[in-house]
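> PDB, C-alpha atoms, pLDDT in the B column, saved as my_file-v4.pdb, coming up:
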MODEL        1
ATOM      1  CA  MET A   1     -50.418  -7.438  26.112  1.00 53.00           C
ATOM      2  CA  ASP A   2     -48.414  -7.628  29.352  1.00 64.00           C
ATOM      3  CA  ARG A   3     -48.389 -10.917  31.154  1.00 68.00           C
ATOM      4  CA  PRO A   4     -48.140 -11.187  34.922  1.00 68.00           C
ATOM      5  CA  LEU A   5     -44.690 -11.851  36.337  1.00 67.00           C
ATOM      6  CA  THR A   6     -43.922 -15.354  37.500  1.00 82.00           C
ATOM      7  CA  ALA A   7     -42.717 -15.927  41.044  1.00 80.00           C
ATOM      8  CA  ILE A   8     -39.140 -16.417  39.866  1.00 82.00           C
ATOM      9  CA  GLU A   9     -39.246 -13.210  37.803  1.00 88.00           C
ATOM     10  CA  GLN A  10     -40.450 -11.366  40.891  1.00 87.00           C
ATOM     11  CA  LEU A  11     -37.624 -12.890  42.918  1.00 87.00           C
ATOM     12  CA  TYR A  12     -35.113 -11.892  40.260  1.00 91.00           C
ATOM     13  CA  ARG A  13     -36.345  -8.306  40.127  1.00 91.00           C
ATOM     14  CA  ALA A  14     -36.278  -8.062  43.908  1.00 90.00           C
ATOM     15  CA  HIS A  15     -32.969  -9.842  44.550  1.00 91.00           C
ATOM     16  CA  GLY A  16     -31.020 -10.197  41.281  1.00 92.00           C
ATOM     17  CA  ALA A  17     -28.688  -7.259  41.889  1.00 91.00           C
ATOM     18  CA  LEU A  18     -28.020  -8.389  45.460  1.00 88.00           C
ATOM     19  CA  VAL A  19     -27.166 -11.938  44.362  1.00 91.00           C
ATOM     20  CA  PHE A  20     -24.898 -10.620  41.592  1.00 91.00           C
ATOM     21  CA  GLY A  21     -23.124  -8.250  44.012  1.00 88.00           C
ATOM     22  CA  PHE A  22     -22.661 -11.024  46.557  1.00 86.00           C
ATOM     23  CA  LEU A  23     -21.121 -13.304  43.939  1.00 88.00           C
ATOM     24  CA  ARG A  24     -19.012 -10.527  42.401  1.00 86.00           C
ATOM     25  CA  ARG A  25     -17.491  -9.648  45.779  1.00 82.00           C
ATOM     26  CA  ARG A  26     -16.715 -13.279  46.464  1.00 80.00           C
ATOM     27  CA  CYS A  27     -15.197 -14.234  43.116  1.00 79.00           C
ATOM     28  CA  GLY A  28     -13.962 -10.896  41.718  1.00 78.00           C
ATOM     29  CA  ASP A  29     -15.091 -11.819  38.202  1.00 83.00           C
ATOM     30  CA  ALA A  30     -18.155 -10.093  36.719  1.00 88.00           C
ATOM     31  CA  ASP A  31     -18.660 -12.717  34.006  1.00 91.00           C
ATOM     32  CA  LEU A  32     -18.493 -15.605  36.459  1.00 91.00           C
ATOM     33  CA  ALA A  33     -20.773 -13.717  38.856  1.00 92.00           C
ATOM     34  CA  ALA A  34     -23.316 -13.180  36.052  1.00 94.00           C
ATOM     35  CA  ASP A  35     -23.230 -16.871  35.116  1.00 95.00           C
ATOM     36  CA  LEU A  36     -23.625 -17.971  38.720  1.00 95.00           C
ATOM     37  CA  THR A  37     -26.425 -15.438  39.268  1.00 95.00           C
ATOM     38  CA  GLN A  38     -28.290 -16.994  36.356  1.00 95.00           C
ATOM     39  CA  ASP A  39     -27.619 -20.481  37.735  1.00 94.00           C
ATOM     40  CA  THR A  40     -28.861 -19.352  41.151  1.00 94.00           C
ATOM     41  CA  PHE A  41     -32.236 -18.322  39.778  1.00 94.00           C
ATOM     42  CA  VAL A  42     -32.496 -21.431  37.594  1.00 92.00           C
ATOM     43  CA  ARG A  43     -31.900 -23.569  40.672  1.00 92.00           C
ATOM     44  CA  ALA A  44     -34.338 -21.444  42.682  1.00 90.00           C
ATOM     45  CA  ALA A  45     -36.994 -21.886  39.973  1.00 88.00           C
ATOM     46  CA  ARG A  46     -36.601 -25.658  40.191  1.00 88.00           C
ATOM     47  CA  ALA A  47     -36.793 -25.615  43.980  1.00 85.00           C
ATOM     48  CA  ILE A  48     -39.377 -22.883  44.531  1.00 82.00           C
ATOM     49  CA  THR A  49     -42.125 -25.315  45.509  1.00 80.00           C
ATOM     50  CA  GLY A  50     -39.871 -26.529  48.313  1.00 79.00           C
ATOM     51  CA  PHE A  51     -39.258 -23.024  49.686  1.00 80.00           C
ATOM     52  CA  THR A  52     -40.785 -23.063  53.151  1.00 79.00           C
ATOM     53  CA  GLY A  53     -40.846 -19.347  53.774  1.00 76.00           C
ATOM     54  CA  GLY A  54     -38.446 -17.299  55.801  1.00 77.00           C
ATOM     55  CA  SER A  55     -35.976 -14.930  54.232  1.00 80.00           C
ATOM     56  CA  GLU A  56     -35.955 -15.049  50.439  1.00 85.00           C
ATOM     57  CA  THR A  57     -32.620 -13.250  50.524  1.00 84.00           C
ATOM     58  CA  ALA A  58     -31.022 -15.847  52.790  1.00 84.00           C
ATOM     59  CA  TRP A  59     -32.439 -18.668  50.651  1.00 86.00           C
ATOM     60  CA  LEU A  60     -31.153 -17.197  47.383  1.00 90.00           C
ATOM     61  CA  LEU A  61     -27.741 -16.270  48.787  1.00 86.00           C
ATOM     62  CA  SER A  62     -27.425 -19.741  50.237  1.00 86.00           C
ATOM     63  CA  ILE A  63     -28.016 -21.177  46.752  1.00 90.00           C
ATOM     64  CA  ALA A  64     -25.532 -18.685  45.259  1.00 90.00           C
ATOM     65  CA  ARG A  65     -22.922 -19.468  47.886  1.00 86.00           C
ATOM     66  CA  ASN A  66     -23.252 -23.208  47.299  1.00 86.00           C
ATOM     67  CA  LEU A  67     -22.917 -22.740  43.544  1.00 90.00           C
ATOM     68  CA  LEU A  68     -19.771 -20.656  44.028  1.00 85.00           C
ATOM     69  CA  ILE A  69     -18.286 -23.235  46.386  1.00 80.00           C
ATOM     70  CA  ASP A  70     -19.059 -25.961  43.842  1.00 82.00           C
ATOM     71  CA  HIS A  71     -17.375 -23.860  41.160  1.00 83.00           C
ATOM     72  CA  TRP A  72     -14.228 -23.396  43.251  1.00 77.00           C
ATOM     73  CA  LYS A  73     -14.146 -27.065  44.198  1.00 73.00           C
ATOM     74  CA  ARG A  74     -14.227 -27.981  40.538  1.00 73.00           C
ATOM     75  CA  ARG A  75     -11.327 -25.614  39.928  1.00 69.00           C
ATOM     76  CA  ARG A  76      -9.562 -26.550  43.193  1.00 53.00           C
ATOM     77  CA  LEU A  77      -9.281 -22.947  44.318  1.00 43.00           C
ATOM     78  CA  ASP A  78      -9.624 -21.537  47.802  1.00 43.00           C
ATOM     79  CA  VAL A  79     -12.960 -19.669  48.060  1.00 40.00           C
ATOM     80  CA  ASP A  80     -11.629 -17.453  50.847  1.00 45.00           C
ATOM     81  CA  ASP A  81      -8.848 -15.922  48.728  1.00 45.00           C
ATOM     82  CA  GLY A  82     -11.334 -13.583  47.021  1.00 43.00           C
ATOM     83  CA  ALA A  83     -12.932 -12.227  50.171  1.00 46.00           C
ATOM     84  CA  ASP A  84     -12.380  -8.626  51.248  1.00 47.00           C
ATOM     85  CA  LEU A  85     -10.977  -9.569  54.628  1.00 46.00           C
ATOM     86  CA  GLY A  86     -10.000  -6.058  55.656  1.00 44.00           C
ATOM     87  CA  SER A  87     -13.618  -5.231  56.414  1.00 43.00           C
ATOM     88  CA  LEU A  88     -13.454  -7.641  59.352  1.00 44.00           C
ATOM     89  CA  LEU A  89     -11.512  -4.987  61.223  1.00 42.00           C
ATOM     90  CA  GLY A  90     -14.164  -2.317  60.765  1.00 45.00           C
ATOM     91  CA  SER A  91     -11.764   0.521  59.964  1.00 41.00           C
ATOM     92  CA  ALA A  92     -11.121   1.925  56.497  1.00 44.00           C
ATOM     93  CA  ASP A  93      -7.635   3.079  57.516  1.00 47.00           C
ATOM     94  CA  VAL A  94      -6.662  -0.330  58.831  1.00 40.00           C
ATOM     95  CA  ALA A  95      -8.279  -2.130  55.897  1.00 41.00           C
ATOM     96  CA  HIS A  96      -5.809  -0.451  53.556  1.00 44.00           C
ATOM     97  CA  ASP A  97      -2.812  -1.490  55.616  1.00 51.00           C
ATOM     98  CA  VAL A  98      -1.350  -4.392  53.639  1.00 55.00           C
ATOM     99  CA  THR A  99       0.408  -5.892  56.639  1.00 64.00           C
ATOM    100  CA  THR A 100      -2.773  -5.951  58.662  1.00 67.00           C
ATOM    101  CA  ARG A 101      -4.797  -7.367  55.772  1.00 66.00           C
ATOM    102  CA  LEU A 102      -2.293 -10.194  55.417  1.00 69.00           C
ATOM    103  CA  ALA A 103      -2.418 -10.837  59.163  1.00 75.00           C
ATOM    104  CA  VAL A 104      -6.236 -10.964  59.035  1.00 77.00           C
ATOM    105  CA  HIS A 105      -6.126 -13.356  56.091  1.00 77.00           C
ATOM    106  CA  ASP A 106      -3.563 -15.555  57.832  1.00 82.00           C
ATOM    107  CA  THR A 107      -5.610 -15.548  61.035  1.00 85.00           C
ATOM    108  CA  LEU A 108      -8.764 -16.588  59.198  1.00 84.00           C
ATOM    109  CA  ARG A 109      -6.865 -19.462  57.579  1.00 85.00           C
ATOM    110  CA  GLN A 110      -5.893 -20.675  61.067  1.00 89.00           C
ATOM    111  CA  LEU A 111      -9.531 -20.951  62.123  1.00 90.00           C
ATOM    112  CA  GLY A 112     -11.602 -24.041  61.554  1.00 90.00           C
ATOM    113  CA  ASP A 113     -13.821 -24.102  58.474  1.00 88.00           C
ATOM    114  CA  ARG A 114     -16.995 -23.407  60.445  1.00 90.00           C
ATOM    115  CA  ASP A 115     -15.573 -20.381  62.281  1.00 92.00           C
ATOM    116  CA  ARG A 116     -14.011 -18.986  59.102  1.00 88.00           C
ATOM    117  CA  ARG A 117     -17.262 -19.373  57.131  1.00 86.00           C
ATOM    118  CA  LEU A 118     -19.318 -17.873  59.961  1.00 89.00           C
ATOM    119  CA  LEU A 119     -17.110 -14.788  60.350  1.00 88.00           C
ATOM    120  CA  THR A 120     -17.028 -14.334  56.577  1.00 83.00           C
ATOM    121  CA  LEU A 121     -20.821 -14.532  56.305  1.00 82.00           C
ATOM    122  CA  LEU A 122     -21.318 -12.065  59.160  1.00 85.00           C
ATOM    123  CA  TYR A 123     -18.524  -9.542  58.599  1.00 81.00           C
ATOM    124  CA  VAL A 124     -17.557  -9.794  54.948  1.00 76.00           C
ATOM    125  CA  ASP A 125     -20.881 -10.648  53.341  1.00 74.00           C
ATOM    126  CA  GLY A 126     -22.930  -8.666  55.851  1.00 76.00           C
ATOM    127  CA  PHE A 127     -25.549 -11.270  56.698  1.00 79.00           C
ATOM    128  CA  SER A 128     -27.497 -10.891  59.913  1.00 83.00           C
ATOM    129  CA  ILE A 129     -27.559 -13.534  62.643  1.00 88.00           C
ATOM    130  CA  ALA A 130     -31.110 -14.409  61.554  1.00 86.00           C
ATOM    131  CA  GLU A 131     -30.084 -14.847  57.913  1.00 82.00           C
ATOM    132  CA  VAL A 132     -27.123 -17.061  58.806  1.00 85.00           C
ATOM    133  CA  ALA A 133     -29.415 -19.112  61.038  1.00 86.00           C
ATOM    134  CA  ALA A 134     -31.900 -19.528  58.188  1.00 80.00           C
ATOM    135  CA  MET A 135     -29.139 -20.567  55.766  1.00 78.00           C
ATOM    136  CA  SER A 136     -27.617 -23.076  58.144  1.00 81.00           C
ATOM    137  CA  GLY A 137     -30.762 -24.461  59.737  1.00 82.00           C
ATOM    138  CA  ALA A 138     -29.453 -23.544  63.206  1.00 88.00           C
ATOM    139  CA  THR A 139     -31.197 -21.380  65.779  1.00 93.00           C
ATOM    140  CA  GLU A 140     -30.307 -17.708  66.154  1.00 92.00           C
ATOM    141  CA  GLY A 141     -29.055 -18.441  69.655  1.00 95.00           C
ATOM    142  CA  ALA A 142     -26.723 -21.135  68.348  1.00 95.00           C
ATOM    143  CA  ILE A 143     -25.366 -18.766  65.687  1.00 94.00           C
ATOM    144  CA  ARG A 144     -24.886 -15.985  68.268  1.00 94.00           C
ATOM    145  CA  THR A 145     -22.958 -18.374  70.512  1.00 96.00           C
ATOM    146  CA  ALA A 146     -20.873 -19.734  67.637  1.00 95.00           C
ATOM    147  CA  ALA A 147     -20.132 -16.183  66.428  1.00 93.00           C
ATOM    148  CA  HIS A 148     -19.042 -15.135  69.925  1.00 93.00           C
ATOM    149  CA  ARG A 149     -16.677 -18.102  70.130  1.00 94.00           C
ATOM    150  CA  ALA A 150     -15.383 -17.554  66.584  1.00 93.00           C
ATOM    151  CA  ARG A 151     -14.674 -13.871  67.320  1.00 91.00           C
ATOM    152  CA  GLY A 152     -12.824 -14.872  70.478  1.00 91.00           C
ATOM    153  CA  SER A 153     -10.781 -17.448  68.609  1.00 92.00           C
ATOM    154  CA  PHE A 154     -10.035 -14.926  65.858  1.00 89.00           C
ATOM    155  CA  HIS A 155      -9.016 -12.256  68.376  1.00 88.00           C
ATOM    156  CA  THR A 156      -6.733 -14.629  70.289  1.00 89.00           C
ATOM    157  CA  ARG A 157      -4.952 -15.727  67.134  1.00 87.00           C
ATOM    158  CA  PHE A 158      -4.878 -12.269  65.573  1.00 83.00           C
ATOM    159  CA  THR A 159      -3.307 -10.569  68.590  1.00 82.00           C
ATOM    160  CA  ALA A 160      -0.699 -13.348  68.745  1.00 80.00           C
ATOM    161  CA  THR A 161       0.349 -12.611  65.144  1.00 59.00           C
ATOM    162  CA  PRO A 162       3.620 -10.613  65.211  1.00 63.00           C
ATOM    163  CA  ASP A 163       2.654  -8.605  62.109  1.00 52.00           C
ATOM    164  CA  ALA A 164      -0.618  -7.569  63.733  1.00 49.00           C
ATOM    165  CA  ARG A 165       1.090  -6.547  66.963  1.00 47.00           C
ATOM    166  CA  ASN A 166       3.584  -4.428  65.043  1.00 53.00           C
ATOM    167  CA  SER A 167       0.978  -2.782  62.809  1.00 49.00           C
ATOM    168  CA  ARG A 168      -0.905   0.336  63.756  1.00 45.00           C
ATOM    169  CA  GLY A 169      -4.237  -1.497  63.774  1.00 45.00           C
ATOM    170  CA  PRO A 170      -6.789  -1.434  66.579  1.00 45.00           C
ATOM    171  CA  HIS A 171      -5.410  -4.654  68.058  1.00 45.00           C
ATOM    172  CA  ALA A 172      -1.781  -3.523  68.171  1.00 44.00           C
ATOM    173  CA  THR A 173       0.014  -3.571  71.493  1.00 43.00           C
ATOM    174  CA  SER A 174       2.151  -0.765  72.844  1.00 40.00           C
ATOM    175  CA  PRO A 175       5.871  -0.853  71.911  1.00 39.00           C
TER     176      PRO A 175
ENDMDL
END
Would you give me this structure, written as structure tokens?

Amino acid sequence: MDRPLTAIEQLYRAHGALVFGFLRRRCGDADLAADLTQDTFVRAARAITGFTGGSETAWLLSIARNLLIDHWKRRRLDVDDGADLGSLLGSADVAHDVTTRLAVHDTLRQLGDRDRRLLTLLYVDGFSIAEVAAMSGATEGAIRTAAHRARGSFHTRFTATPDARNSRGPHATSP
């Protein structure tokens, strides 16, 4: 006899692959991603009565992200080292240019933690403004404004990077 699915089982079926993919992209380790995915849903099961609505995806990915950060803190590793930073540039050709990728990575490291996390959530992880707002507890307008400022700060620093200026990326200056 089949039993009805619990709320957490429904969440897992709907979002398990997404959470795993998110974690896998961030950490680059399938085993760690699987462990953290399991931990994400265990934590969600414990906190499900406190879920106030909104985006289930944003809620679950927020839990997953926090678990990954906790993992890296315990291991004293930099969480940003595993991110696919080339996607910030929006061009497959540029993303494969090692010099440009290093310049992007270096530029992100120059940003403050908030700007770096915001750009990573939006452009690496692919969250929407609304999802980032839900995760952070800020308004969409505040996230839009912060993203605009973070992009400006990134652009200013990136175009000042000699490697970026000398690469054939979209931000390169004429010789």
> Which one of A:Asn66, A:Arg149, A:Glu140, A:Met135 sits closest to Gly53 of chain A if you count all atoms listed in the file?
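When distances to Gly53 of chain A are compared using all atoms listed in the file, the smallest one comes from A:Met135.
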> Counting all atoms listed in the file, figure out which residue out of A:Ala14, A:Ile69, A:Leu118, A:Ala7 gets nearest to Ala47 of chain A.
A:Ala7
> Assuming the chain letters and numbering stay as they are in my file, what does the PyMOL selection byres ((chain A and resi 61) around 10) actually select? List them as a ChimeraX atom specification.
/A:15,18-20,22-23,37,40,55-60,62-67,125,127,131,135
> Taking the file as shown, what set of residues would the PyMOL selection byres ((chain A and resi 155-158) around 8) give back, as an NGL selection string?
:A and (103-104 or 107 or 110 or 151-154 or 159-161 or 164)
> Would you mind exporting C-alpha atoms of the selected residues as a PDB file, in the coordinates of the input?

ATOM      1  CA  ALA A 103      -2.418 -10.837  59.163  1.00 75.00           C
ATOM      2  CA  VAL A 104      -6.236 -10.964  59.035  1.00 77.00           C
ATOM      3  CA  THR A 107      -5.610 -15.548  61.035  1.00 85.00           C
ATOM      4  CA  GLN A 110      -5.893 -20.675  61.067  1.00 89.00           C
ATOM      5  CA  ARG A 151     -14.674 -13.871  67.320  1.00 91.00           C
ATOM      6  CA  GLY A 152     -12.824 -14.872  70.478  1.00 91.00           C
ATOM      7  CA  SER A 153     -10.781 -17.448  68.609  1.00 92.00           C
ATOM      8  CA  PHE A 154     -10.035 -14.926  65.858  1.00 89.00           C
ATOM      9  CA  THR A 159      -3.307 -10.569  68.590  1.00 82.00           C
ATOM     10  CA  ALA A 160      -0.699 -13.348  68.745  1.00 80.00           C
ATOM     11  CA  THR A 161       0.349 -12.611  65.144  1.00 59.00           C
ATOM     12  CA  ALA A 164      -0.618  -7.569  63.733  1.00 49.00           C
TER      13      ALA A 164
END
> I'd like the interatomic distance between atom CA of Phe41 of chain A and atom CA of Leu11 of chain A, to a tenth of an Å.
8.3 Å
> Have a look at atom CA of Ala146 of chain A and atom CA of Leu108 of chain A and let me know their distance in Å, one decimal.
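Atom-to-atom, atom CA of Ala146 of chain A to atom CA of Leu108 of chain A, that is 15.1 Å.
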